[in-house]
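Data first, discussion second: the structure below is written as structure tokens.
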Amino acid sequence: MPLQRKKMEAIEVTNLQKTFKTKGKKIKALDGMSFAVKRGELCGFLGPNGAGKSTTLKVLMDLIKPDKGEAKILGIDSKNCLARLKVGFMPENPQYPDTLTGYELLMLSASIFNIPKKQAQKKAWDLLQAFELKNAAKVPIRTYSKGMIQRIGFASVLIHDPELLILDEPLSGLDPLGRVMFKKKMKELNKEGKTIFFSSHIIPDIEDVCSKVIIVNKGNVVKTLDKNQIKYFSTVGFNVIINSYIDSLCPKKIGDNLYAVYCKKENLISCLDVIRSNRGEIIDIEPVKKSLEEVFVQITQNFI
Ligand SMILES: Nc1ncnc2c1ncn2[C@@H]1O[C@H](COP(=O)(O)OP(=O)(O)O)[C@@H](O)[C@H]1O
Ligand SMILES: [Mg+2]
């Protein structure tokens, strides 16, 4: 039923157009951007620099007016401030009043959402603990490292327990441990029922956590992939493991009576035929994957 389907959408973006005019030059940032994110999804927004990701997210947060098109959050037009009551938004490079301490920032965020003081204090300390910032709670944010600023930024968008998180490049500037922590947090929050939509240009991060990926370039959607499709797209060939040496396949010895034959995806059947006709036994077939980076380049190149 169409009504029920509509209810499922956490984000709906329809034909967004935006051209920036600076010093007489026109830059088309959005060129018909349209997509939807369903409630409960952990969705990546993937694209190279300048693809229009931040502009789209700013339209969703009503920080930028599009020239054309519309955006809805949780079924409400993004121009209506009620749309953002249950949303946590983390901008690309968060700028916080740097005299504030981490704890004060969380309490300030809580006051914006009218959270009662006692409840806010408890939530703030829980978040400081969860983001390993307890020791820095009473220290001014200006003394924080980039990773700590990202962590306090993430904590501050969770203070009002939002239904939907919109995060612009949340993993950028984090060290490897920070990345692991953020990805774990995103997975946990998604499991608790929160919808998460986050932008990134780093494919392995998206692959690690996302149930869906919207790939964009030049202000438009290039492709939408679900998790299985990403896996399917990234297989380039197979390592077929056999138990005997077959001359015509020039296999690589990998152990006692174990040989590996590499074949391209499109040659798998003929490779198996050769093995069978030589009475070779197939021990295993392992997919060989190209990096998602290469997949992305290929997809976008088709559309240039
Ligand atoms: N305020 C602005 N003024 C002029 N050009 C802008 C502005 N914001 C973004 N752009 C341009 O719009 C394009 C899309 O930018 P952006 O949405 O930030 O891309 P992304 O987040 O995918 O890197 C880029 O070419 C960028 O330079
Ligand atoms: Mg950006």
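So you can find residues: chains in the structure tokens are A, B, ... in the order shown, residues in each start at 1, and ligands are numbered from 1 in order.
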- Might you pull out every residue within 6 Å of Thr14 (chain A), with only C-alpha atoms counted and same-chain residues fewer than 4 positions away left off, and present them as a PyMOL selection string? chain A and resi 34+69-70
Taking C-alpha atoms for each residue, export the selection above as a PDB file, in the first residue's frame.
```pdb
ATOM      1  CA  SER A  34      16.854  11.925  -6.047  1.00  0.00           C
ATOM      2  CA  GLY A  69      13.179  19.987  -5.888  1.00  0.00           C
ATOM      3  CA  GLU A  70      12.195  18.896  -2.428  1.00  0.00           C
TER       4      GLU A  70
END
```
- Once DSSP has gone over the backbone, tell me which residues of region 11-125 of chain A are in helix (DSSP H, G or I), as a PyMOL selection string. chain A and resi 53-60+81-84+102-112+117-125
- Query: In terms of the shortest atom-to-atom distance over only C-alpha atoms, which of A:Pro162, A:Gly102, A:Pro176, A:Pro91 is closest to Asn135 (chain A)?
  - Reply: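 Nearest to Asn135 (chain A): A:Gly102.
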- Message: Just want the 12 Å neighbourhood of region 262-277 of chain A, counted on only C-alpha atoms, with same-chain residues fewer than 3 positions away dropped. Output as an MDAnalysis selection string.
- Response: chainID A and resid 232:253 259 280:290
- Query: By how many Å are CA of Lys68 (chain A) and CA of Cys210 (chain A) apart?
  - Reply: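 Atom-to-atom, CA of Lys68 (chain A) to CA of Cys210 (chain A), that is 29.3 Å.
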- Find the spatial neighbours of region 164-170 of chain A, counting only C-alpha atoms, within a cut-off of 10 Å - ignore same-chain residues fewer than 2 positions away - and output them as a ChimeraX atom specification. /A:10-11,39-46,53-54,57-58,60-61,73-74,84-94,150-151,153-154,157-158,161-162,172-174,179,182-183,186,189-190,193-202
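The interatomic distance for the pair CA of Thr101 (chain A) and CA of Leu128 (chain A) works out to 11.6 Å.
Distances here use only C-alpha atoms; by that measure, the residue among A:Thr224, A:Gln229, A:Asp67, A:Ala130 closest to Glu188 (chain A) is A:Ala130.
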